[in-house]
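S.K.: So I've got this file, run-v7.pdb, and it contains PDB, C-alpha atoms:
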MODEL        1
ATOM      1  CA  MET R   1      21.201 192.123  57.386
ATOM      2  CA  LYS R   2      20.782 193.815  60.726
ATOM      3  CA  ARG R   3      19.070 190.708  62.042
ATOM      4  CA  TRP R   4      22.027 188.575  61.041
ATOM      5  CA  LEU R   5      24.342 190.960  62.784
ATOM      6  CA  VAL R   6      22.304 190.690  65.998
ATOM      7  CA  LEU R   7      22.284 186.919  65.754
ATOM      8  CA  TRP R   8      26.000 186.894  65.192
ATOM      9  CA  LEU R   9      26.535 189.111  68.233
ATOM     10  CA  ILE R  10      24.361 186.871  70.386
ATOM     11  CA  LEU R  11      26.257 183.814  69.272
ATOM     12  CA  LEU R  12      29.530 185.558  69.963
ATOM     13  CA  ALA R  13      28.381 186.463  73.460
ATOM     14  CA  SER R  14      27.148 182.969  74.249
ATOM     15  CA  HIS R  15      30.428 181.546  73.119
ATOM     16  CA  THR R  16      32.309 183.409  75.803
ATOM     17  CA  ALA R  17      29.729 182.403  78.383
ATOM     18  CA  PHE R  18      30.280 178.701  77.795
ATOM     19  CA  ALA R  19      34.003 178.824  77.443
ATOM     20  CA  ASP R  20      35.288 177.636  80.781
ATOM     21  CA  GLU R  21      38.350 175.581  81.148
ATOM     22  CA  ALA R  22      38.005 172.131  82.666
ATOM     23  CA  LYS R  23      39.280 172.243  86.207
ATOM     24  CA  PRO R  24      42.410 170.217  86.740
ATOM     25  CA  LEU R  25      41.628 167.123  88.804
ATOM     26  CA  ALA R  26      44.712 167.372  90.928
ATOM     27  CA  GLU R  27      48.310 168.401  90.790
ATOM     28  CA  ASP R  28      49.338 164.800  90.305
ATOM     29  CA  PRO R  29      47.929 163.143  87.157
ATOM     30  CA  ALA R  30      49.622 159.792  87.877
ATOM     31  CA  LEU R  31      47.933 159.558  91.258
ATOM     32  CA  GLU R  32      44.643 160.600  89.702
ATOM     33  CA  ALA R  33      44.961 157.806  87.132
ATOM     34  CA  ARG R  34      45.619 155.311  89.921
ATOM     35  CA  LEU R  35      42.598 156.610  91.831
ATOM     36  CA  LYS R  36      40.475 156.239  88.714
ATOM     37  CA  VAL R  37      41.446 152.603  88.196
ATOM     38  CA  LEU R  38      41.016 151.706  91.855
ATOM     39  CA  SER R  39      37.733 153.535  92.328
ATOM     40  CA  GLN R  40      36.247 151.593  89.418
ATOM     41  CA  GLU R  41      36.727 148.471  91.512
ATOM     42  CA  LEU R  42      34.878 149.938  94.477
ATOM     43  CA  ARG R  43      31.172 150.309  95.062
ATOM     44  CA  CYS R  44      29.470 153.480  96.173
ATOM     45  CA  LEU R  45      27.484 152.481  99.259
ATOM     46  CA  VAL R  46      24.823 155.117  98.677
ATOM     47  CA  CYS R  47      23.938 154.363  95.064
ATOM     48  CA  GLN R  48      24.848 150.737  95.069
ATOM     49  CA  ASN R  49      24.974 150.102  91.361
ATOM     50  CA  GLN R  50      27.561 152.757  90.750
ATOM     51  CA  THR R  51      31.267 152.595  91.289
ATOM     52  CA  LEU R  52      33.044 155.093  93.490
ATOM     53  CA  SER R  53      34.499 156.455  90.296
ATOM     54  CA  ASP R  54      31.114 157.112  88.670
ATOM     55  CA  SER R  55      29.160 158.297  91.634
ATOM     56  CA  ASN R  56      28.560 161.900  92.547
ATOM     57  CA  ALA R  57      27.089 161.110  95.942
ATOM     58  CA  PRO R  58      28.688 163.146  98.743
ATOM     59  CA  LEU R  59      29.949 159.970 100.403
ATOM     60  CA  ALA R  60      31.631 158.858  97.177
ATOM     61  CA  GLU R  61      33.348 162.230  96.958
ATOM     62  CA  ASP R  62      34.525 161.919 100.561
ATOM     63  CA  LEU R  63      35.801 158.422  99.963
ATOM     64  CA  ARG R  64      37.650 159.470  96.826
ATOM     65  CA  LYS R  65      39.209 162.249  98.858
ATOM     66  CA  GLU R  66      40.169 159.783 101.567
ATOM     67  CA  ILE R  67      41.673 157.361  99.017
ATOM     68  CA  ARG R  68      43.583 160.202  97.400
ATOM     69  CA  GLU R  69      45.058 161.185 100.763
ATOM     70  CA  GLN R  70      46.013 157.631 101.579
ATOM     71  CA  MET R  71      47.674 157.176  98.178
ATOM     72  CA  ARG R  72      49.607 160.366  98.700
ATOM     73  CA  ALA R  73      50.743 158.971 102.033
ATOM     74  CA  GLY R  74      52.214 156.026 100.137
ATOM     75  CA  LYS R  75      49.596 153.334 100.756
ATOM     76  CA  SER R  76      49.327 150.563  98.173
ATOM     77  CA  ASP R  77      46.085 149.779  96.338
ATOM     78  CA  GLN R  78      45.624 146.668  98.428
ATOM     79  CA  GLU R  79      46.051 148.630 101.660
ATOM     80  CA  VAL R  80      43.412 151.106 100.537
ATOM     81  CA  ILE R  81      41.009 148.288  99.655
ATOM     82  CA  ASP R  82      41.640 146.630 103.023
ATOM     83  CA  TYR R  83      40.971 149.926 104.772
ATOM     84  CA  LEU R  84      37.584 150.261 103.083
ATOM     85  CA  VAL R  85      36.635 146.603 103.500
ATOM     86  CA  ALA R  86      37.381 146.855 107.242
ATOM     87  CA  ARG R  87      34.805 149.652 107.506
ATOM     88  CA  TYR R  88      32.179 148.910 104.886
ATOM     89  CA  GLY R  89      32.554 145.167 104.397
ATOM     90  CA  ASP R  90      33.191 143.081 101.291
ATOM     91  CA  PHE R  91      30.181 144.717  99.673
ATOM     92  CA  VAL R  92      32.335 147.724  98.869
ATOM     93  CA  ARG R  93      34.253 145.622  96.354
ATOM     94  CA  TYR R  94      32.817 145.028  92.935
ATOM     95  CA  ARG R  95      34.603 141.693  92.635
ATOM     96  CA  PRO R  96      33.464 139.570  95.537
ATOM     97  CA  PRO R  97      36.317 137.747  97.282
ATOM     98  CA  VAL R  98      36.185 133.967  97.634
ATOM     99  CA  ASN R  99      35.124 133.110 101.167
ATOM    100  CA  ARG R 100      32.487 131.090 102.962
ATOM    101  CA  SER R 101      29.551 133.404 102.277
ATOM    102  CA  THR R 102      30.390 133.752  98.577
ATOM    103  CA  ALA R 103      31.366 130.127  97.954
ATOM    104  CA  LEU R 104      28.062 129.286  96.250
ATOM    105  CA  LEU R 105      28.384 132.354  94.054
ATOM    106  CA  TRP R 106      31.768 131.230  92.784
ATOM    107  CA  VAL R 107      31.219 127.480  92.654
ATOM    108  CA  GLY R 108      27.531 127.503  91.676
ATOM    109  CA  PRO R 109      27.970 128.018  87.920
ATOM    110  CA  PHE R 110      30.447 125.134  87.767
ATOM    111  CA  ILE R 111      28.050 122.873  89.636
ATOM    112  CA  GLY R 112      25.407 123.844  87.074
ATOM    113  CA  LEU R 113      27.819 123.109  84.259
ATOM    114  CA  LEU R 114      28.691 119.681  85.663
ATOM    115  CA  ALA R 115      25.031 118.833  86.231
ATOM    116  CA  GLY R 116      24.238 119.888  82.658
ATOM    117  CA  ALA R 117      27.091 117.802  81.265
ATOM    118  CA  PHE R 118      25.968 114.816  83.315
ATOM    119  CA  LEU R 119      22.395 115.072  82.048
ATOM    120  CA  LEU R 120      23.553 115.562  78.475
ATOM    121  CA  ILE R 121      25.826 112.514  78.537
ATOM    122  CA  ARG R 122      23.147 110.396  80.187
ATOM    123  CA  THR R 123      20.531 111.430  77.644
ATOM    124  CA  LEU R 124      22.848 110.859  74.709
ATOM    125  CA  LYS R 125      23.842 107.448  76.000
ATOM    126  CA  LYS R 126      20.208 106.522  76.459
ATOM    127  CA  ARG R 127      19.449 107.576  72.908
ATOM    128  CA  ALA R 128      22.408 105.684  71.493
ATOM    129  CA  GLY R 129      21.333 102.509  73.281
ATOM    130  CA  ASP R 130      17.704 102.868  72.283
ATOM    131  CA  GLU R 131      16.961 102.783  68.567
ATOM    132  CA  ASN R 132      13.479 104.194  68.599
ATOM    133  CA  PHE R 133      14.316 106.892  71.126
ATOM    134  CA  GLU R 134      11.714 109.229  69.673
ATOM    135  CA  ALA R 135       9.021 107.252  71.416
ATOM    136  CA  GLU R 136      10.823 107.739  74.712
ATOM    137  CA  ASP R 137      10.303 110.922  76.660
ATOM    138  CA  ALA R 138      14.012 111.491  77.066
TER
ATOM    139  CA  MET Q   1       5.375 106.503  89.489
ATOM    140  CA  ASN Q   2       8.658 107.560  87.960
ATOM    141  CA  LYS Q   3       6.762 109.456  85.325
ATOM    142  CA  LEU Q   4       4.732 111.287  87.899
ATOM    143  CA  ILE Q   5       7.892 112.478  89.680
ATOM    144  CA  LYS Q   6       9.332 113.586  86.365
ATOM    145  CA  SER Q   7       6.258 115.582  85.480
ATOM    146  CA  LEU Q   8       6.142 117.234  88.900
ATOM    147  CA  LEU Q   9       9.817 118.164  88.878
ATOM    148  CA  PRO Q  10       9.393 121.449  86.939
ATOM    149  CA  LEU Q  11       6.626 122.504  89.332
ATOM    150  CA  ALA Q  12       8.827 121.732  92.328
ATOM    151  CA  LEU Q  13      11.711 123.738  90.862
ATOM    152  CA  PHE Q  14       9.317 126.575  90.123
ATOM    153  CA  ILE Q  15       8.092 126.630  93.721
ATOM    154  CA  ILE Q  16      11.670 126.712  95.027
ATOM    155  CA  VAL Q  17      12.544 129.652  92.774
ATOM    156  CA  VAL Q  18       9.365 131.490  93.817
ATOM    157  CA  GLY Q  19      10.290 130.834  97.448
ATOM    158  CA  PHE Q  20      13.671 132.521  96.985
ATOM    159  CA  LEU Q  21      12.124 135.464  95.142
ATOM    160  CA  PHE Q  22       9.463 135.856  97.827
ATOM    161  CA  LYS Q  23      12.139 135.973 100.517
ATOM    162  CA  GLY Q  24      13.985 138.517  98.403
ATOM    163  CA  LEU Q  25      11.009 140.862  98.550
ATOM    164  CA  TYR Q  26      11.632 141.376 102.248
ATOM    165  CA  LEU Q  27      15.374 141.879 102.081
ATOM    166  CA  ASP Q  28      16.678 145.426 102.033
ATOM    167  CA  PRO Q  29      19.760 145.634  99.812
ATOM    168  CA  HIS Q  30      20.644 148.933 101.478
ATOM    169  CA  GLU Q  31      21.280 147.176 104.745
ATOM    170  CA  VAL Q  32      24.848 146.122 104.414
ATOM    171  CA  PRO Q  33      25.988 144.251 107.525
ATOM    172  CA  SER Q  34      28.795 146.162 109.183
ATOM    173  CA  PRO Q  35      32.103 144.353 109.598
ATOM    174  CA  LEU Q  36      32.690 146.542 112.655
ATOM    175  CA  VAL Q  37      30.205 144.688 114.839
ATOM    176  CA  GLY Q  38      32.274 142.770 117.384
ATOM    177  CA  LYS Q  39      35.301 145.002 116.802
ATOM    178  CA  PRO Q  40      36.552 147.901 118.935
ATOM    179  CA  ALA Q  41      34.798 151.153 118.087
ATOM    180  CA  PRO Q  42      37.193 153.460 116.207
ATOM    181  CA  ALA Q  43      38.551 156.010 118.664
ATOM    182  CA  PHE Q  44      37.936 159.661 117.939
ATOM    183  CA  THR Q  45      38.236 163.059 119.549
ATOM    184  CA  ALA Q  46      35.948 165.741 118.210
ATOM    185  CA  PRO Q  47      34.620 169.170 119.129
ATOM    186  CA  VAL Q  48      31.430 169.331 121.160
ATOM    187  CA  LEU Q  49      28.555 171.174 119.523
ATOM    188  CA  ALA Q  50      27.628 174.514 121.068
ATOM    189  CA  GLU Q  51      30.541 174.423 123.491
ATOM    190  CA  THR Q  52      33.458 176.224 121.932
ATOM    191  CA  GLY Q  53      36.840 174.782 122.710
ATOM    192  CA  LYS Q  54      35.481 171.672 124.399
ATOM    193  CA  THR Q  55      36.227 168.266 122.916
ATOM    194  CA  PHE Q  56      34.893 164.805 123.520
ATOM    195  CA  SER Q  57      36.867 161.613 123.193
ATOM    196  CA  SER Q  58      35.348 158.180 122.698
ATOM    197  CA  GLN Q  59      37.774 157.046 125.434
ATOM    198  CA  ASP Q  60      35.742 159.110 127.913
ATOM    199  CA  MET Q  61      33.008 156.479 127.662
ATOM    200  CA  LYS Q  62      35.181 153.553 128.768
ATOM    201  CA  GLY Q  63      33.295 151.479 131.311
ATOM    202  CA  LYS Q  64      29.905 152.640 130.100
ATOM    203  CA  VAL Q  65      27.343 151.144 127.765
ATOM    204  CA  TRP Q  66      26.504 153.863 125.293
ATOM    205  CA  LEU Q  67      24.913 154.621 121.966
ATOM    206  CA  LEU Q  68      26.485 156.650 119.220
ATOM    207  CA  ASN Q  69      23.716 158.071 117.076
ATOM    208  CA  VAL Q  70      24.811 159.513 113.742
ATOM    209  CA  TRP Q  71      22.450 162.225 112.547
ATOM    210  CA  ALA Q  72      22.283 165.499 110.632
ATOM    211  CA  SER Q  73      19.923 168.427 110.313
ATOM    212  CA  TRP Q  74      19.584 167.733 106.564
ATOM    213  CA  CYS Q  75      18.507 164.132 107.096
ATOM    214  CA  GLY Q  76      14.808 163.454 106.734
ATOM    215  CA  ALA Q  77      14.779 160.019 108.330
ATOM    216  CA  CYS Q  78      16.451 161.537 111.407
ATOM    217  CA  ARG Q  79      13.376 163.693 111.953
ATOM    218  CA  GLU Q  80      11.289 160.542 111.806
ATOM    219  CA  GLU Q  81      13.535 158.968 114.427
ATOM    220  CA  HIS Q  82      13.705 162.016 116.685
ATOM    221  CA  PRO Q  83      10.615 161.349 118.861
ATOM    222  CA  VAL Q  84      11.929 157.858 119.662
ATOM    223  CA  LEU Q  85      15.285 159.338 120.618
ATOM    224  CA  MET Q  86      13.479 161.792 122.921
ATOM    225  CA  ASP Q  87      11.833 158.823 124.649
ATOM    226  CA  MET Q  88      15.196 157.093 124.871
ATOM    227  CA  SER Q  89      16.788 160.097 126.547
ATOM    228  CA  LYS Q  90      14.500 159.494 129.534
ATOM    229  CA  LEU Q  91      15.868 155.989 130.024
ATOM    230  CA  SER Q  92      18.703 155.516 132.476
ATOM    231  CA  GLU Q  93      20.123 152.293 131.051
ATOM    232  CA  PHE Q  94      22.514 153.980 128.651
ATOM    233  CA  GLU Q  95      23.942 157.297 127.583
ATOM    234  CA  MET Q  96      23.476 158.571 124.085
ATOM    235  CA  VAL Q  97      26.027 160.643 122.220
ATOM    236  CA  GLY Q  98      25.051 162.305 118.962
ATOM    237  CA  LEU Q  99      27.440 162.555 116.037
ATOM    238  CA  ASP Q 100      26.425 165.470 113.863
ATOM    239  CA  TYR Q 101      27.521 164.204 110.454
ATOM    240  CA  LYS Q 102      28.507 166.594 107.664
ATOM    241  CA  ASP Q 103      26.440 169.415 109.027
ATOM    242  CA  THR Q 104      26.800 173.029 110.022
ATOM    243  CA  ASP Q 105      26.773 173.873 113.714
ATOM    244  CA  ALA Q 106      24.134 176.576 113.263
ATOM    245  CA  GLU Q 107      21.634 174.275 111.564
ATOM    246  CA  ALA Q 108      22.259 171.444 114.016
ATOM    247  CA  LYS Q 109      21.728 173.761 116.987
ATOM    248  CA  ASP Q 110      18.580 175.048 115.379
ATOM    249  CA  VAL Q 111      17.118 171.528 115.129
ATOM    250  CA  LEU Q 112      17.977 170.710 118.737
ATOM    251  CA  ASN Q 113      16.554 173.990 120.005
ATOM    252  CA  THR Q 114      13.267 173.632 118.181
ATOM    253  CA  SER Q 115      12.544 169.914 118.563
ATOM    254  CA  GLY Q 116      14.495 168.997 121.679
ATOM    255  CA  ASN Q 117      17.896 167.545 122.452
ATOM    256  CA  PRO Q 118      17.883 163.823 123.261
ATOM    257  CA  TYR Q 119      21.672 163.579 123.621
ATOM    258  CA  LYS Q 120      24.009 163.707 126.577
ATOM    259  CA  LEU Q 121      26.207 165.671 124.215
ATOM    260  CA  VAL Q 122      26.675 166.118 120.500
ATOM    261  CA  VAL Q 123      30.023 165.982 118.747
ATOM    262  CA  THR Q 124      30.519 167.392 115.291
ATOM    263  CA  ASP Q 125      31.987 165.669 112.258
ATOM    264  CA  ALA Q 126      31.723 168.381 109.638
ATOM    265  CA  GLU Q 127      34.143 166.674 107.253
ATOM    266  CA  GLY Q 128      32.625 163.220 107.636
ATOM    267  CA  LYS Q 129      35.974 161.726 108.681
ATOM    268  CA  ILE Q 130      34.674 160.013 111.804
ATOM    269  CA  GLY Q 131      31.787 158.791 109.692
ATOM    270  CA  ILE Q 132      34.162 157.060 107.283
ATOM    271  CA  ASN Q 133      35.955 155.385 110.184
ATOM    272  CA  TYR Q 134      32.667 154.026 111.434
ATOM    273  CA  GLY Q 135      31.554 152.924 107.972
ATOM    274  CA  VAL Q 136      28.633 155.340 107.912
ATOM    275  CA  TYR Q 137      26.920 155.471 104.537
ATOM    276  CA  GLY Q 138      23.398 156.602 105.282
ATOM    277  CA  VAL Q 139      22.219 158.603 108.274
ATOM    278  CA  PRO Q 140      20.690 157.885 110.716
ATOM    279  CA  GLU Q 141      22.897 155.091 111.952
ATOM    280  CA  THR Q 142      23.300 154.012 115.549
ATOM    281  CA  TYR Q 143      26.071 152.041 117.209
ATOM    282  CA  LEU Q 144      25.716 150.233 120.510
ATOM    283  CA  ILE Q 145      29.071 150.189 122.278
ATOM    284  CA  ASP Q 146      29.843 148.147 125.378
ATOM    285  CA  LYS Q 147      31.927 148.897 128.472
ATOM    286  CA  ALA Q 148      35.109 147.676 126.810
ATOM    287  CA  GLY Q 149      34.520 149.932 123.814
ATOM    288  CA  VAL Q 150      33.446 147.156 121.452
ATOM    289  CA  ILE Q 151      30.637 147.742 118.945
ATOM    290  CA  ARG Q 152      27.896 145.237 119.730
ATOM    291  CA  TYR Q 153      25.180 146.270 117.331
ATOM    292  CA  LYS Q 154      24.630 148.633 114.446
ATOM    293  CA  GLN Q 155      21.277 149.963 113.399
ATOM    294  CA  ILE Q 156      21.092 151.310 109.868
ATOM    295  CA  GLY Q 157      18.143 153.632 109.431
ATOM    296  CA  PRO Q 158      15.809 155.082 112.041
ATOM    297  CA  ILE Q 159      15.338 153.436 115.430
ATOM    298  CA  THR Q 160      11.711 152.519 115.937
ATOM    299  CA  LYS Q 161       9.909 151.979 119.226
ATOM    300  CA  GLU Q 162       9.615 148.315 118.414
ATOM    301  CA  LEU Q 163      13.314 147.999 117.736
ATOM    302  CA  LEU Q 164      14.127 149.852 120.950
ATOM    303  CA  TYR Q 165      12.112 147.506 123.138
ATOM    304  CA  THR Q 166      12.673 144.215 121.342
ATOM    305  CA  LYS Q 167      16.334 144.573 120.439
ATOM    306  CA  ILE Q 168      18.287 147.502 121.823
ATOM    307  CA  LEU Q 169      17.077 147.567 125.442
ATOM    308  CA  PRO Q 170      17.453 143.809 125.982
ATOM    309  CA  MET Q 171      20.986 144.007 124.554
ATOM    310  CA  VAL Q 172      21.834 146.980 126.756
ATOM    311  CA  LYS Q 173      20.583 145.183 129.855
ATOM    312  CA  GLU Q 174      22.656 142.166 128.923
ATOM    313  CA  LEU Q 175      25.755 144.335 128.482
ATOM    314  CA  GLN Q 176      25.185 146.209 131.731
ATOM    315  CA  ARG Q 177      25.793 143.064 133.747
TER
ENDMDL
END
Take the structure in the file and give it back as structure tokens.
M.R.:
Amino acid sequence: MKRWLVLWLILLASHTAFADEAKPLAEDPALEARLKVLSQELRCLVCQNQTLSDSNAPLAEDLRKEIREQMRAGKSDQEVIDYLVARYGDFVRYRPPVNRSTALLWVGPFIGLLAGAFLLIRTLKKRAGDENFEAEDA
Amino acid sequence: MNKLIKSLLPLALFIIVVGFLFKGLYLDPHEVPSPLVGKPAPAFTAPVLAETGKTFSSQDMKGKVWLLNVWASWCGACREEHPVLMDMSKLSEFEMVGLDYKDTDAEAKDVLNTSGNPYKLVVTDAEGKIGINYGVYGVPETYLIDKAGVIRYKQIGPITKELLYTKILPMVKELQR
């Protein structure tokens, strides 16, 4: 019985130790929500496979702070993105913009699709025209 | 003949893919080309380390070819770079300003006192604000700035002796003309 009492007391004590209220992110929840959405579109330059929103790297924290300040100053999302792209390059964006260096990235899959369709049609036509196509190495 | 080409096609494609992958082995994804190269260096005014009340402005360097070396006492690769910087401080072709990035003055001074100060002067950027303006994401980083205040080159990561003599010095000499 005494043992149970001790256990209960320990549990009671630990409960108070863990109880800590989550710190409010900022005074302005609307701005924080905007920051969250925008920072999911932006890459952390230090840990490149994380978004600015996910990353805990010091630079990511600084950049979030910077974005927050700019939003408070009334900048639009696009202005904030432009600000970062001007300093860190297009790499900071998770969705690469369409320009000369990314043209192949955007058009490539469609070229592949067209080439595949072309080959498919050609092969099918060949088979249709040739009755014993199984002998052919189509 | 046609058959031979057909049978060799997969091998040819395979070799092309291997070629790309092989090239990829030597690319460093952490080296993101800076969009600031060729653009005016962001202007800043910041306090000078170890000289209370004194500030330095990037405008003070107008008409000079100079290097802005971003470093910090907590940065391991900066220690690796330090001996090269000490050699560079003996050269007369350019002036080198240090930007002490997200650091404490005491620790920065400590490093310079114990291992030597290669800089003409060091400015402090405790908050990392100047760093953001320059697109700094991993120290050490070094910017080569020309007489008109335009960034001509950015080195991400430590400067090596090889890099100094094959790239930076030739560029500096070109810009000095």
S.K.: Contacts between segment 15-36 of chain Q and segment 33-91 of chain R, please, where a residue of segment 33-91 of chain R counts if it comes within 10 Å (with all atoms listed in the file); show its shortest atom pair and distance in Å to one decimal, rows by chain and ascending number, as CSV.
M.R.:
residue,atom,partner,partner_atom,distance
R:Leu45,CA,Q:His30,CA,8.0
R:Val46,CA,Q:His30,CA,8.0
R:Cys47,CA,Q:His30,CA,9.0
R:Gln48,CA,Q:His30,CA,7.9
R:Val85,CA,Q:Pro35,CA,7.9
R:Ala86,CA,Q:Pro35,CA,6.3
R:Arg87,CA,Q:Pro35,CA,6.3
R:Tyr88,CA,Q:Ser34,CA,6.1
R:Gly89,CA,Q:Pro35,CA,5.3
R:Asp90,CA,Q:Pro35,CA,8.5
R:Phe91,CA,Q:Val32,CA,7.3
S.K.: Can those selected residues be exported to a file as a PDB file, in the frame of the given file so that it contains C-alpha atoms?
M.R.:
ATOM      1  CA  LEU R  45      27.484 152.481  99.259  1.00  0.00           C
ATOM      2  CA  VAL R  46      24.823 155.117  98.677  1.00  0.00           C
ATOM      3  CA  CYS R  47      23.938 154.363  95.064  1.00  0.00           C
ATOM      4  CA  GLN R  48      24.848 150.737  95.069  1.00  0.00           C
ATOM      5  CA  VAL R  85      36.635 146.603 103.500  1.00  0.00           C
ATOM      6  CA  ALA R  86      37.381 146.855 107.242  1.00  0.00           C
ATOM      7  CA  ARG R  87      34.805 149.652 107.506  1.00  0.00           C
ATOM      8  CA  TYR R  88      32.179 148.910 104.886  1.00  0.00           C
ATOM      9  CA  GLY R  89      32.554 145.167 104.397  1.00  0.00           C
ATOM     10  CA  ASP R  90      33.191 143.081 101.291  1.00  0.00           C
ATOM     11  CA  PHE R  91      30.181 144.717  99.673  1.00  0.00           C
TER      12      PHE R  91
END
S.K.: Care to translate the PyMOL selection byres ((chain Q and resi 121-130) around 9) into actual residues of this file, as a PyMOL selection string?
M.R.: (chain R and resi 59+62+66) or (chain Q and resi 42-50+55-56+96-105+117-120+131-136)
S.K.: For the file shown, report as a ChimeraX atom specification the outcome of the PyMOL selection byres ((chain Q and resi 168) around 12) at residue level.
M.R.: /Q:65-67,88,93-94,142-145,152-155,159-167,169-175
S.K.: Mind telling me what the PyMOL selection byres ((chain R and resi 95-111) around 12) catches here, as a list in words?
M.R.: Leu38, Gln40, Glu41, Leu42, Arg43, Thr51, Ile81, Asp82, Val85, Gly89, Asp90, Phe91, Val92, Arg93, Tyr94, Gly112, Leu113, Leu114, Ala115, Gly116, Ala117 and Phe118 of chain R
S.K.: Closest to chain Q among R:Trp4, R:Leu35, R:Leu11, R:Lys65, using all atoms listed in the file?
M.R.: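 Closest to chain Q, using all atoms listed in the file: R:Lys65.
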S.K.: Please report the interatomic distance between atom CA of Gly63 of chain Q and atom CA of Leu85 of chain Q in Å with one decimal.
M.R.: 22.4 Å
S.K.: I'd like to know which of Q:Val37, Q:Leu112, Q:Glu51, Q:Phe14 is closest to chain R, using all atoms listed in the file.
M.R.: Q:Val37
S.K.: Have a look at R:Lys126, R:Lys75, R:Arg64, R:Arg3 and name the one nearest to chain Q; count only C-alpha atoms.
M.R.: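 Distance minimum relative to chain Q lands on R:Arg64.
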S.K.: One number please: atom CA of Arg177 of chain Q to atom CA of Pro83 of chain Q, in Å, one decimal.
M.R.: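 Between these atoms lies a distance of 28.0 Å.
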S.K.: Rounded to one decimal, what separation in Å do you get between atom CA of Ile156 of chain Q and atom CA of Glu79 of chain R?
M.R.: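 Separating atom CA of Ile156 of chain Q from atom CA of Glu79 of chain R is a distance of 26.4 Å.
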S.K.: Considering all atoms listed in the file, state which residue in the set R:Leu7, R:Lys36, R:Cys44, R:Leu12 is at the smallest distance from chain Q.
M.R.: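 Of R:Leu7, R:Lys36, R:Cys44, R:Leu12, the one nearest chain Q, counting all atoms listed in the file, is R:Cys44.
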S.K.: For chain Q, which of R:Ala73, R:Ile121, R:Ala13, R:Ala57 is the closest residue, counting only C-alpha atoms?
M.R.: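 For chain Q, the nearest of the given residues is R:Ala57.
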